[in-house]
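Asker: Here you go, this is final_14.txt (compact mmCIF, C-alpha atoms and all ligand atoms).
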# COMPACT_ATOMS: atom_id res chain seq x y z
CA MET M 8 -162.59 6.15 228.56
CA SER M 9 -159.44 8.25 228.30
CA ASN M 10 -158.93 11.24 226.09
CA TYR M 11 -155.90 11.37 223.83
CA LEU M 12 -153.92 14.12 222.21
CA ILE M 13 -151.83 12.84 219.33
CA ARG M 14 -149.27 15.59 218.93
CA GLY M 15 -147.65 16.63 215.66
CA ALA M 16 -148.54 13.61 213.55
CA THR M 17 -148.15 13.85 209.79
CA PHE M 18 -151.54 13.39 208.12
CA PRO M 19 -151.89 11.55 204.78
CA ASP M 20 -151.84 14.89 202.90
CA GLY M 21 -148.44 15.71 204.39
CA THR M 22 -149.46 18.36 206.92
CA ALA M 23 -148.31 17.89 210.52
CA LYS M 24 -150.79 18.78 213.25
CA ASP M 25 -152.42 17.62 216.48
CA LEU M 26 -155.41 15.32 216.68
CA ALA M 27 -157.65 15.13 219.74
CA VAL M 28 -159.73 12.11 220.71
CA GLU M 29 -162.61 12.14 223.17
CA ASN M 30 -165.41 9.62 223.78
CA GLY M 31 -164.38 7.61 220.76
CA LEU M 32 -164.53 10.51 218.35
CA ILE M 33 -162.09 12.91 216.73
CA VAL M 34 -162.76 16.28 218.37
CA GLU M 35 -161.59 19.89 218.01
CA LYS M 36 -159.75 19.91 221.33
CA THR M 37 -159.68 17.98 224.56
CA GLU M 38 -158.55 18.43 228.15
CA ASN M 39 -156.77 16.18 230.65
CA ALA M 40 -155.70 14.05 227.74
CA GLU M 41 -152.99 11.45 227.57
CA VAL M 42 -150.42 12.95 225.18
CA ILE M 43 -148.81 10.86 222.49
CA ASP M 44 -145.77 12.44 220.89
CA ALA M 45 -146.22 11.69 217.19
CA GLU M 46 -143.55 13.90 215.71
CA GLY M 47 -142.19 12.17 212.60
CA LEU M 48 -144.97 9.59 212.68
CA ARG M 49 -147.58 9.03 210.00
CA LEU M 50 -151.25 9.04 210.87
CA LEU M 51 -153.61 6.91 208.78
CA PRO M 52 -157.28 6.07 209.05
CA GLY M 53 -157.57 2.61 210.67
CA LEU M 54 -156.75 -0.02 208.05
CA VAL M 55 -159.50 -2.27 206.71
CA ASP M 56 -158.81 -5.78 205.43
CA LEU M 57 -161.21 -7.14 202.84
CA HIS M 58 -159.87 -10.68 203.01
CA THR M 59 -158.83 -12.39 206.26
CA HIS M 60 -158.99 -16.07 207.16
CA LEU M 61 -159.56 -16.24 210.92
CA ARG M 62 -160.12 -20.05 210.90
CA GLN M 63 -162.69 -20.00 213.70
CA PRO M 64 -164.88 -22.05 213.82
CA GLY M 65 -163.08 -25.25 212.90
CA ARG M 66 -159.33 -24.72 212.79
CA GLU M 67 -158.60 -23.05 216.09
CA ASP M 68 -155.22 -24.78 216.04
CA ALA M 69 -154.24 -22.46 213.15
CA GLU M 70 -155.88 -19.19 214.30
CA THR M 71 -158.75 -17.95 216.42
CA ILE M 72 -160.83 -14.82 216.22
CA GLU M 73 -158.86 -13.59 219.23
CA THR M 74 -155.34 -14.27 217.91
CA GLY M 75 -156.27 -13.09 214.42
CA SER M 76 -157.79 -9.91 215.84
CA ARG M 77 -154.60 -9.26 217.80
CA ALA M 78 -152.48 -9.79 214.68
CA ALA M 79 -154.77 -7.40 212.81
CA ALA M 80 -154.54 -4.66 215.45
CA LEU M 81 -150.75 -5.04 215.53
CA GLY M 82 -150.78 -4.63 211.76
CA GLY M 83 -152.69 -1.35 212.06
CA TYR M 84 -156.14 -2.71 211.21
CA THR M 85 -159.37 -1.62 212.86
CA ALA M 86 -161.66 -3.84 210.76
CA VAL M 87 -161.25 -7.17 209.01
CA CYS M 88 -163.63 -9.10 206.77
CA ALA M 89 -163.59 -12.73 207.86
CA MET M 90 -163.70 -15.26 205.03
CA ALA M 91 -166.44 -17.87 204.99
CA ASN M 92 -164.34 -21.02 204.40
CA THR M 93 -164.51 -22.08 208.03
CA ASP M 94 -165.76 -25.41 209.38
CA PRO M 95 -168.73 -25.26 209.46
CA VAL M 96 -168.87 -22.92 206.47
CA ALA M 97 -170.32 -19.47 207.16
CA ASP M 98 -173.31 -20.04 204.90
CA ALA M 99 -176.17 -19.25 207.30
CA ALA M 100 -177.28 -16.46 209.60
CA GLY M 101 -176.45 -18.37 212.79
CA ILE M 102 -172.81 -18.84 211.86
CA VAL M 103 -172.09 -15.31 210.65
CA GLU M 104 -173.76 -13.97 213.79
CA GLN M 105 -171.55 -16.20 215.94
CA VAL M 106 -168.39 -14.95 214.22
CA TRP M 107 -169.56 -11.35 214.50
CA ARG M 108 -170.35 -11.76 218.21
CA LEU M 109 -167.03 -13.42 219.01
CA GLY M 110 -165.29 -10.55 217.24
CA ARG M 111 -167.17 -8.06 219.38
CA GLU M 112 -166.30 -9.93 222.56
CA VAL M 113 -162.59 -9.84 221.72
CA GLY M 114 -162.97 -6.17 220.81
CA LEU M 115 -159.59 -5.57 219.18
CA VAL M 116 -160.93 -5.01 215.65
CA ASP M 117 -164.37 -5.04 214.10
CA VAL M 118 -164.80 -8.50 212.61
CA GLN M 119 -167.18 -8.26 209.66
CA PRO M 120 -168.18 -11.73 208.49
CA ILE M 121 -168.25 -12.57 204.79
CA GLY M 122 -171.01 -15.02 203.90
CA ALA M 123 -170.58 -18.00 201.59
CA VAL M 124 -172.18 -17.71 198.15
CA THR M 125 -173.16 -21.37 197.98
CA LEU M 126 -174.11 -23.89 200.66
CA GLY M 127 -171.02 -25.62 202.00
CA LEU M 128 -168.97 -23.84 199.28
CA ASN M 129 -170.14 -26.61 196.97
CA GLY M 130 -170.77 -24.25 194.05
CA GLU M 131 -174.28 -25.54 193.45
CA ARG M 132 -177.03 -24.17 195.68
CA LEU M 133 -177.09 -20.56 196.84
CA ALA M 134 -176.59 -20.05 200.58
CA GLU M 135 -179.08 -17.99 202.62
CA LEU M 136 -177.76 -14.68 201.31
CA GLY M 137 -180.79 -12.66 202.35
CA ALA M 138 -180.91 -14.11 205.86
CA MET M 139 -177.21 -13.34 206.35
CA ALA M 140 -177.74 -9.79 205.07
CA GLU M 141 -180.62 -9.27 207.50
CA SER M 142 -178.82 -10.91 210.45
CA ALA M 143 -177.12 -8.95 213.22
CA ALA M 144 -173.88 -9.40 211.26
CA ARG M 145 -175.36 -7.34 208.37
CA VAL M 146 -173.41 -9.27 205.73
CA ARG M 147 -172.80 -7.40 202.47
CA VAL M 148 -169.86 -9.33 200.99
CA PHE M 149 -170.32 -12.93 199.85
CA SER M 150 -167.56 -15.25 198.73
CA ASP M 151 -166.78 -18.92 198.24
CA ASP M 152 -163.10 -18.01 198.56
CA GLY M 153 -160.82 -20.99 198.41
CA HIS M 154 -163.17 -22.10 195.63
CA CYS M 155 -164.38 -20.35 192.51
CA VAL M 156 -168.09 -19.95 191.86
CA HIS M 157 -167.42 -21.65 188.54
CA ASP M 158 -170.96 -22.28 187.33
CA ALA M 159 -171.96 -19.18 185.35
CA ALA M 160 -175.66 -19.65 186.11
CA VAL M 161 -175.00 -19.82 189.86
CA MET M 162 -172.80 -16.74 189.63
CA ARG M 163 -175.48 -14.90 187.72
CA ARG M 164 -178.14 -15.75 190.31
CA ALA M 165 -175.87 -14.70 193.17
CA LEU M 166 -175.17 -11.35 191.50
CA GLU M 167 -178.90 -10.84 190.95
CA TYR M 168 -179.75 -11.74 194.54
CA VAL M 169 -177.32 -9.35 196.28
CA LYS M 170 -178.44 -6.38 194.17
CA ALA M 171 -181.43 -5.90 196.46
CA PHE M 172 -179.24 -4.88 199.42
CA ASP M 173 -176.22 -3.46 197.54
CA GLY M 174 -174.22 -6.57 198.29
CA VAL M 175 -171.19 -7.72 196.36
CA ILE M 176 -169.88 -11.09 195.22
CA ALA M 177 -166.15 -11.46 195.90
CA GLN M 178 -164.87 -14.01 193.44
CA HIS M 179 -161.87 -16.30 193.84
CA ALA M 180 -161.21 -16.28 190.09
CA GLU M 181 -159.94 -19.70 189.12
CA ASP M 182 -161.37 -21.92 186.39
CA PRO M 183 -161.02 -25.26 188.18
CA LYS M 184 -160.82 -27.21 184.95
CA LEU M 185 -157.61 -25.35 184.10
CA THR M 186 -155.92 -25.84 187.46
CA VAL M 187 -156.35 -29.56 188.16
CA GLY M 188 -153.35 -30.65 190.24
CA ALA M 189 -151.76 -27.19 189.96
CA GLN M 190 -148.86 -26.51 192.31
CA MET M 191 -147.48 -23.16 191.13
CA ASN M 192 -147.63 -20.57 188.33
CA GLU M 193 -147.55 -22.12 184.88
CA GLY M 194 -144.50 -20.88 183.03
CA GLU M 195 -140.75 -21.31 182.63
CA GLN M 196 -140.27 -21.97 186.33
CA SER M 197 -142.90 -24.71 186.55
CA ALA M 198 -141.45 -26.38 183.45
CA GLN M 199 -137.98 -26.37 185.00
CA LEU M 200 -139.18 -27.62 188.38
CA GLY M 201 -141.52 -30.22 186.90
CA LEU M 202 -144.52 -28.98 188.90
CA ALA M 203 -148.03 -28.80 187.44
CA GLY M 204 -148.88 -25.21 186.50
CA TRP M 205 -151.77 -22.80 187.33
CA PRO M 206 -152.03 -20.80 184.11
CA ALA M 207 -152.79 -17.07 184.17
CA VAL M 208 -155.75 -17.67 181.86
CA ALA M 209 -157.53 -19.67 184.57
CA GLU M 210 -157.83 -16.39 186.50
CA GLU M 211 -158.26 -14.00 183.59
CA ALA M 212 -161.06 -15.93 181.86
CA ILE M 213 -163.18 -15.98 185.01
CA ILE M 214 -162.67 -12.25 185.64
CA ALA M 215 -163.74 -11.47 182.07
CA ARG M 216 -166.78 -13.75 182.33
CA ASP M 217 -167.84 -12.34 185.70
CA ALA M 218 -167.37 -8.74 184.61
CA LEU M 219 -169.72 -9.44 181.70
CA LEU M 220 -172.20 -11.14 184.04
CA ALA M 221 -172.05 -8.20 186.46
CA ALA M 222 -172.72 -5.84 183.56
CA HIS M 223 -175.59 -7.98 182.31
CA VAL M 224 -177.21 -8.12 185.73
CA GLY M 225 -176.28 -4.57 186.76
CA SER M 226 -174.73 -5.81 189.98
CA ARG M 227 -171.46 -5.46 191.83
CA LEU M 228 -168.45 -7.78 191.44
CA HIS M 229 -165.26 -7.79 193.51
CA VAL M 230 -162.24 -9.77 192.41
CA CYS M 231 -160.14 -11.37 195.15
CA HIS M 232 -156.31 -11.53 195.05
CA VAL M 233 -155.66 -10.44 191.44
CA SER M 234 -152.31 -11.89 190.43
CA THR M 235 -151.56 -11.45 186.72
CA ALA M 236 -150.80 -8.69 184.22
CA GLY M 237 -153.56 -10.07 182.00
CA SER M 238 -156.11 -9.72 184.82
CA VAL M 239 -155.11 -6.07 185.10
CA GLU M 240 -155.84 -5.61 181.40
CA VAL M 241 -159.26 -7.23 181.76
CA LEU M 242 -160.08 -5.04 184.77
CA ARG M 243 -159.01 -1.92 182.90
CA TRP M 244 -161.28 -2.86 180.03
CA ALA M 245 -164.22 -3.60 182.35
CA LYS M 246 -163.83 -0.38 184.32
CA GLY M 247 -163.49 1.54 181.07
CA ARG M 248 -166.90 0.22 180.06
CA GLY M 249 -168.41 1.38 183.33
CA ILE M 250 -168.89 -2.12 184.74
CA ARG M 251 -169.19 -2.11 188.54
CA VAL M 252 -166.12 -4.18 189.33
CA THR M 253 -163.54 -3.67 192.06
CA ALA M 254 -160.37 -5.62 192.76
CA GLU M 255 -157.80 -6.31 195.44
CA VAL M 256 -154.15 -7.34 195.38
CA THR M 257 -152.23 -9.00 198.20
CA PRO M 258 -148.94 -7.72 199.59
CA HIS M 259 -147.23 -10.99 198.63
CA HIS M 260 -148.24 -10.63 194.98
CA LEU M 261 -146.74 -7.12 195.07
CA LEU M 262 -143.37 -8.41 196.26
CA LEU M 263 -142.66 -12.10 195.66
CA THR M 264 -142.24 -14.08 192.42
CA ASP M 265 -142.54 -17.69 191.29
CA GLU M 266 -138.76 -18.09 191.38
CA LEU M 267 -139.20 -18.79 195.09
CA ALA M 268 -140.85 -22.11 194.23
CA ALA M 269 -137.36 -23.36 193.36
CA THR M 270 -136.70 -23.54 197.12
CA TYR M 271 -139.50 -26.14 197.38
CA ASP M 272 -140.30 -24.44 200.69
CA PRO M 273 -144.11 -24.71 201.12
CA VAL M 274 -144.18 -21.34 202.85
CA TYR M 275 -144.22 -19.91 199.30
CA LYS M 276 -147.16 -22.04 198.19
CA VAL M 277 -150.30 -19.93 197.84
CA ASN M 278 -153.43 -19.51 195.70
CA PRO M 279 -153.33 -17.85 193.31
CA PRO M 280 -149.65 -18.70 193.00
CA LEU M 281 -146.76 -16.26 193.07
CA ARG M 282 -146.34 -15.08 189.48
CA THR M 283 -143.54 -13.53 187.40
CA ALA M 284 -141.61 -10.27 187.85
CA GLU M 285 -143.60 -8.80 184.91
CA ASP M 286 -146.85 -9.59 186.73
CA VAL M 287 -145.52 -7.93 189.90
CA THR M 288 -144.69 -4.78 187.93
CA ALA M 289 -148.16 -4.70 186.34
CA LEU M 290 -149.88 -5.21 189.72
CA ARG M 291 -147.93 -2.35 191.32
CA GLU M 292 -148.81 -0.02 188.43
CA ALA M 293 -152.46 -1.07 188.59
CA LEU M 294 -152.64 -0.40 192.33
CA ALA M 295 -151.01 2.99 191.75
CA ASP M 296 -153.41 4.05 188.99
CA GLY M 297 -156.50 2.67 190.76
CA THR M 298 -157.27 -0.17 188.33
CA ILE M 299 -156.81 -2.29 191.45
CA ASP M 300 -158.77 -0.59 194.20
CA ALA M 301 -157.43 -2.07 197.40
CA VAL M 302 -154.75 -4.06 199.17
CA ALA M 303 -156.12 -7.12 200.98
CA THR M 304 -153.97 -9.50 203.00
CA ASP M 305 -155.55 -12.90 202.26
CA HIS M 306 -154.07 -13.71 205.69
CA ALA M 307 -154.16 -17.52 205.56
CA PRO M 308 -152.76 -19.14 208.69
CA HIS M 309 -152.01 -22.85 208.53
CA ALA M 310 -151.04 -25.30 211.26
CA ARG M 311 -147.50 -26.69 211.29
CA GLU M 312 -148.40 -30.09 209.84
CA ASP M 313 -150.12 -28.44 206.89
CA LYS M 314 -147.00 -26.44 205.96
CA GLU M 315 -144.01 -28.36 207.27
CA CYS M 316 -144.31 -31.14 204.73
CA GLU M 317 -143.65 -31.74 201.05
CA TRP M 318 -144.62 -28.97 198.63
CA ALA M 319 -147.33 -31.05 196.95
CA ALA M 320 -148.97 -31.99 200.27
CA ALA M 321 -148.85 -28.49 201.78
CA ARG M 322 -151.91 -26.26 201.99
CA PRO M 323 -151.73 -23.00 200.07
CA GLY M 324 -151.72 -19.68 201.91
CA MET M 325 -149.51 -17.35 203.93
CA LEU M 326 -149.78 -14.98 206.89
CA GLY M 327 -150.28 -11.34 206.05
CA LEU M 328 -151.87 -9.11 208.68
CA GLU M 329 -148.77 -8.04 210.57
CA THR M 330 -146.60 -7.40 207.51
CA ALA M 331 -149.06 -5.86 205.02
CA LEU M 332 -148.41 -2.17 205.61
CA PRO M 333 -144.61 -2.62 205.72
CA ILE M 334 -144.73 -4.51 202.40
CA VAL M 335 -146.87 -1.75 200.87
CA ILE M 336 -144.43 0.88 202.14
CA ARG M 337 -141.56 -1.05 200.60
CA THR M 338 -143.16 -1.88 197.24
CA MET M 339 -145.33 1.22 196.69
CA VAL M 340 -144.21 4.16 198.84
CA GLU M 341 -140.43 3.75 198.80
CA THR M 342 -140.61 3.15 195.03
CA GLY M 343 -142.51 6.42 194.54
CA LEU M 344 -145.57 4.69 193.08
CA LEU M 345 -147.97 5.71 195.85
CA ASP M 346 -148.02 8.59 198.33
CA TRP M 347 -149.52 8.33 201.81
CA GLN M 348 -152.86 9.63 200.65
CA GLY M 349 -152.79 6.69 198.25
CA VAL M 350 -151.95 4.28 201.06
CA ALA M 351 -154.88 5.62 203.10
CA ASP M 352 -157.13 5.11 200.10
CA ARG M 353 -156.02 1.61 199.08
CA MET M 354 -155.81 0.24 202.63
CA SER M 355 -158.69 2.03 204.38
CA HIS M 356 -161.09 4.20 202.37
CA ALA M 357 -161.47 1.90 199.35
CA PRO M 358 -161.78 -1.43 201.19
CA ALA M 359 -164.29 0.09 203.64
CA ARG M 360 -166.35 1.36 200.70
CA ILE M 361 -166.23 -1.98 198.89
CA ALA M 362 -167.27 -3.87 202.03
CA GLY M 363 -170.02 -1.39 202.92
CA LEU M 364 -168.34 -0.38 206.18
CA THR M 365 -168.21 3.40 205.80
CA GLY M 366 -171.48 3.84 207.67
CA LEU M 367 -172.96 5.46 204.60
CA THR M 368 -175.64 4.00 202.38
CA GLY M 369 -175.21 3.78 198.63
CA ASN M 370 -176.65 7.27 198.13
CA GLY M 371 -174.25 8.84 200.64
CA ARG M 372 -176.66 9.16 203.55
CA ALA M 373 -175.26 8.36 206.98
CA THR M 374 -176.68 5.28 208.67
CA SER M 375 -174.83 4.72 211.91
CA GLY M 376 -171.46 6.05 212.95
CA ALA M 377 -170.67 3.25 215.37
CA GLY M 378 -169.37 0.67 212.92
CA ALA M 379 -167.94 3.20 210.48
CA HIS M 380 -164.49 2.65 208.97
CA GLY M 381 -162.45 4.24 206.22
CA ARG M 382 -163.77 7.68 207.10
CA PRO M 383 -161.79 10.91 206.72
CA LEU M 384 -159.57 12.03 209.61
CA ALA M 385 -161.92 14.86 210.52
CA VAL M 386 -163.69 16.26 213.58
CA GLY M 387 -166.83 14.31 214.43
CA GLU M 388 -165.67 11.07 212.84
CA PRO M 389 -165.05 7.89 214.86
CA ALA M 390 -161.43 7.74 216.02
CA ASN M 391 -160.27 4.69 214.09
CA LEU M 392 -156.60 5.46 213.67
CA THR M 393 -153.24 3.96 212.87
CA LEU M 394 -149.98 5.60 213.86
CA VAL M 395 -146.94 4.44 211.91
CA ASP M 396 -143.22 5.08 212.24
CA PRO M 397 -142.21 4.97 208.58
CA SER M 398 -138.49 5.28 209.26
CA ALA M 399 -138.20 2.43 211.77
CA ARG M 400 -137.02 -0.87 210.34
CA TRP M 401 -137.60 -4.32 211.80
CA THR M 402 -136.81 -7.91 210.94
CA VAL M 403 -139.63 -10.42 210.66
CA THR M 404 -139.37 -13.43 212.97
CA PRO M 405 -142.16 -16.01 212.84
CA ASP M 406 -142.10 -16.41 216.63
CA GLY M 407 -142.48 -12.65 217.02
CA LEU M 408 -145.88 -12.61 215.34
CA ALA M 409 -149.20 -12.76 217.19
CA SER M 410 -150.71 -15.37 214.90
CA ILE M 411 -150.87 -18.93 216.17
CA SER M 412 -149.44 -20.08 212.85
CA ARG M 413 -145.90 -19.49 211.64
CA ASN M 414 -146.28 -19.50 207.86
CA THR M 415 -144.85 -16.09 207.02
CA PRO M 416 -142.86 -15.93 203.79
CA TYR M 417 -140.89 -12.96 205.15
CA ALA M 418 -138.87 -14.61 207.95
CA GLY M 419 -135.52 -12.87 208.24
CA LEU M 420 -136.55 -10.03 205.93
CA GLU M 421 -135.98 -6.46 207.08
CA LEU M 422 -139.01 -4.25 206.46
CA PRO M 423 -139.72 -0.54 206.79
CA GLY M 424 -142.47 0.80 209.03
CA THR M 425 -143.64 -0.16 212.48
CA ILE M 426 -147.16 0.25 213.88
CA VAL M 427 -146.79 2.45 216.95
CA ALA M 428 -150.47 2.66 217.88
CA THR M 429 -153.89 1.59 216.67
CA PHE M 430 -157.13 3.12 217.96
CA LEU M 431 -160.54 1.50 217.63
CA ARG M 432 -163.25 4.08 218.31
CA GLY M 433 -160.88 6.08 220.48
CA ARG M 434 -159.59 3.13 222.48
CA PRO M 435 -155.98 2.04 221.93
CA THR M 436 -155.78 -1.59 220.81
CA VAL M 437 -152.05 -1.13 220.25
CA LEU M 438 -149.87 1.32 222.15
CA ASP M 439 -146.07 1.66 221.94
CA GLY M 440 -146.22 -1.21 219.45
CA LYS M 441 -147.84 -3.56 221.97
CA ALA M 442 -151.30 -5.07 221.84
CA GLN M 443 -153.55 -3.87 224.67
CA ALA M 444 -154.99 -7.09 226.17
N1 LIG J 501 -154.91 -18.11 199.55
C1 LIG J 501 -154.70 -19.37 199.83
O1 LIG J 501 -153.76 -19.94 199.30
N2 LIG J 501 -155.47 -20.05 200.70
C2 LIG J 501 -156.69 -19.61 201.30
C3 LIG J 501 -157.86 -19.71 200.37
C4 LIG J 501 -157.87 -18.67 199.28
O2 LIG J 501 -157.66 -17.49 199.54
O3 LIG J 501 -158.11 -19.01 198.11
C5 LIG J 501 -156.94 -20.42 202.56
O4 LIG J 501 -158.06 -20.45 203.06
O5 LIG J 501 -155.98 -20.99 203.09
ZN ZN J 502 -158.89 -17.30 197.19
ZN ZN J 503 -158.44 -16.23 200.81
Here is a file; write its structure as structure tokens.
Ligand SMILES: NC(=O)N[C@@H](CC(=O)O)C(=O)O
Ligand SMILES: [Zn+2]
Ligand SMILES: [Zn+2]

Answerer:
Amino acid sequence: MSNYLIRGATFPDGTAKDLAVENGLIVEKTENAEVIDAEGLRLLPGLVDLHTHLRQPGREDAETIETGSRAAALGGYTAVCAMANTDPVADAAGIVEQVWRLGREVGLVDVQPIGAVTLGLNGERLAELGAMAESAARVRVFSDDGHCVHDAAVMRRALEYVKAFDGVIAQHAEDPKLTVGAQMNEGEQSAQLGLAGWPAVAEEAIIARDALLAAHVGSRLHVCHVSTAGSVEVLRWAKGRGIRVTAEVTPHHLLLTDELAATYDPVYKVNPPLRTAEDVTALREALADGTIDAVATDHAPHAREDKECEWAAARPGMLGLETALPIVIRTMVETGLLDWQGVADRMSHAPARIAGLTGLTGNGRATSGAGAHGRPLAVGEPANLTLVDPSARWTVTPDGLASISRNTPYAGLELPGTIVATFLRGRPTVLDGKAQA
């Protein structure tokens, strides 16, 4: 394994200095190192994605663990949490172990499987949460994402169950009775376009209910892809009461609005739907003040036939891994809402903490350093690093992305920030902006 000297990089706190890497760790100094000139570049702890759809097993025509891992590394990620809505569903130890192992074989990012909450995502019977937690994949996050755990009694039992191993239930907050046939955000736009609406209350009511359940049970709730100003209010209230709830927002909900539905281009169809400009403003403010803890991509690749069709027939979801940091730079950093320390927190430290990937147990004691993410950029820590050129600008082209799928909503858009290098435990997975293997 090579040694690296990253020279003159600007750390999240704004100081520029050298960083040495040896045997996978950040060290005081190193010799015979490969030197990387990082003057003017930003150094971040390796990014961690709480919400990635890798589609393997089952839809390898849309993405595989290998292509998704490559997209993640190119986006500056060193760890991704793989959603359970695969085919078969990741609702048992054997399947999460398989995903985890395939991730290790590819070796470009750490793939941390998320387990399903209920068997087959059917919302009725709890999956083998304990067996998944005890498996080699060490699952801590459970989610029926794509579906809401809508039965309050099932949600309560799931929250109770995961308490034993400091697990967390990541809820796709959508009251299904309020979104039957929904195609986009319910509001002025949907009325004009004549499309069935997905009202904000369908999300907000479930977040409020689940926050109360989490408080009742004394367990941990995470809210996936928060999309409305009202949800932000509910989260603020819950956090103010000391309820253990965390939340994520996607890059697309920080940038795009429901006006794009007027194009009838299914690339803009996503769950939860793109909302209004007022919602976007509230989400940005909430991410800035910490009401929303983390940015998560909800990277949702879809095969051509599932997107290149009529709006109503198209599957919801958009690509996100390779554009997430640039969108955050554009919406949060260039607007002055978040500094780079904030970016490091919302895209690495916080998501790693929520997913239990920091290598520390709940009481702060170190377990194992090997799988640790979201750690400080300090001597002795694993060298999971992302090097960014914040002043470079690039134009998104679907064919230029590493994903198998092409459903990026940003085609033709110029974005700030390129990923120059990504290091996973001291090994470059991206160098000079190119994936290594
Ligand atoms: N976000 C989406 O629109 N789609 C996701 C499921 C989900 O995140 O709810 C998918 O799996 O395609
Ligand atoms: Zn979802
Ligand atoms: Zn999702």

Asker: Please report the interatomic distance between atom CA of M:Ala180 and atom CA of M:Leu61 in Å with one decimal.

Answerer: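 Result for atom CA of M:Ala180 versus atom CA of M:Leu61: 20.9 Å, one decimal.
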
Asker: List the spatial neighbours of stretch 96-98 of chain M as a ChimeraX atom specification - criterion: any atom at most 12 Å away, only C-alpha atoms, same-chain residues fewer than 2 positions off excluded.

Answerer: /M:60-66,89-94,100-107,119-130,132-140,144,146,148-153

Asker: Do you know which residues are at most 8 Å from M:Glu46 counting all atoms listed in the file, after dropping those on the same chain fewer than 5 positions away, and could you put them as a list in words?

Answerer: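 Those residues are Arg14, Gly15, Ala16 and Thr17 of chain M.
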
Asker: How close does each residue of stretch 95-185 of chain M get to stretch 223-241 of chain M, giving the shortest atom pair and distance in Å to one decimal for every residue with an atom at most 6 Å away, counting all atoms listed in the file, sorted by chain and residue number, as a Markdown table?

Answerer:
| residue | atom | partner | partner_atom | distance |
| --- | --- | --- | --- | --- |
| M:Leu166 | CA | M:Ser226 | CA | 5.8 |
| M:Lys170 | CA | M:Ser226 | CA | 5.6 |
| M:Val175 | CA | M:Arg227 | CA | 5.1 |
| M:Ile176 | CA | M:Leu228 | CA | 5.2 |
| M:Ala177 | CA | M:His229 | CA | 4.5 |
| M:Gln178 | CA | M:Val230 | CA | 5.1 |
| M:His179 | CA | M:Cys231 | CA | 5.4 |

Asker: Taking all listed atoms of stretch 207-212 of chain M, build the axis-aligned box, pad each of the six sides by 8 Å, then write its centre and edge lengths in Å to one decimal as lines of an AutoDock Vina configuration file.

Answerer:
center_x = -156.9
center_y = -16.8
center_z = 184.2
size_x = 24.3
size_y = 21.7
size_z = 20.6

Asker: May I ask which of the residues M:Leu384, M:Leu57, M:Ala351, M:Ile336 is the closest one to ligand ZN 502 (chain J), counting all atoms listed in the file?

Answerer: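 Residue with the minimum atom-to-atom distance to ligand ZN 502 (chain J): M:Leu57.
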
Asker: Nearest residue to M:Ala198 out of M:Val34, M:Val386, M:Ile361, M:Ala269, using only C-alpha atoms?

Answerer: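 Ranked by minimum distance to M:Ala198, first place goes to M:Ala269.
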
Asker: Which of these residues is nearest to ligand ZN 502 (chain J), using all atoms listed in the file: M:Lys441, M:Arg291, M:Arg108, M:His306?

Answerer: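 Of the candidates, the smallest distance to ligand ZN 502 (chain J) is held by M:His306.
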
Asker: Please return as a count of residues only the residues found within 6 Å of ligand LIG 501 (chain J), counting only C-alpha atoms and all ligand atoms.

Answerer: 8

Asker: Enter the distance from atom CA of M:Leu345 to atom CA of M:Thr393, in Å, rounded to one decimal.

Answerer: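 Computing it gives 17.9 Å between the two atoms.
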
Asker: Tell me which residues come within 10 Å of (-148.0, -14.9, 188.8), as a list in words, counting all atoms listed in the file in the file's coordinates.

Answerer: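 Collected hits near the coordinates: Met191, Asn192, Glu193, Gly194, Trp205, Pro206, Ala207, Val233, Ser234, Thr235, Ala236, His260, Leu263, Thr264, Asp265, Asn278, Pro279, Pro280, Leu281, Arg282, Thr283, Ala284, Glu285, Asp286, Val287 and Leu290 of chain M.
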
Asker: Point out the residue among M:Val274, M:Leu242, M:Ala319, M:Ala359 with the least atom-to-atom distance to M:Gln190, counting all atoms listed in the file.

Answerer: M:Ala319

Asker: For a test of reading the model, state the distance in Å between atom CA of M:Asp346 and atom CA of M:Ile214, rounded to one decimal.

Answerer: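 Interatomic distance here is 28.5 Å.
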
Asker: Which of these residues is nearest to M:Val87, using all atoms listed in the file: M:Leu200, M:Ala99, M:Met354, M:Ala293?

Answerer: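 Nearest candidate to M:Val87 out of M:Leu200, M:Ala99, M:Met354, M:Ala293: M:Met354.
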
Asker: Find the residues around M:Val116 up to 12 Å (only C-alpha atoms counted), leave out those fewer than 2 positions away in its own chain, and share them as a ChimeraX atom specification.

Answerer: /M:53-56,72-89,107-114,118-119,378-380,391-392,429-432,434-437,442-443

Asker: With distances taken over all atoms listed in the file, which residue among M:His58, M:Lys24, M:Arg248, M:Arg163 lies nearest ligand ZN 502 (chain J)?

Answerer: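 Of M:His58, M:Lys24, M:Arg248, M:Arg163, the one nearest ligand ZN 502 (chain J), counting all atoms listed in the file, is M:His58.
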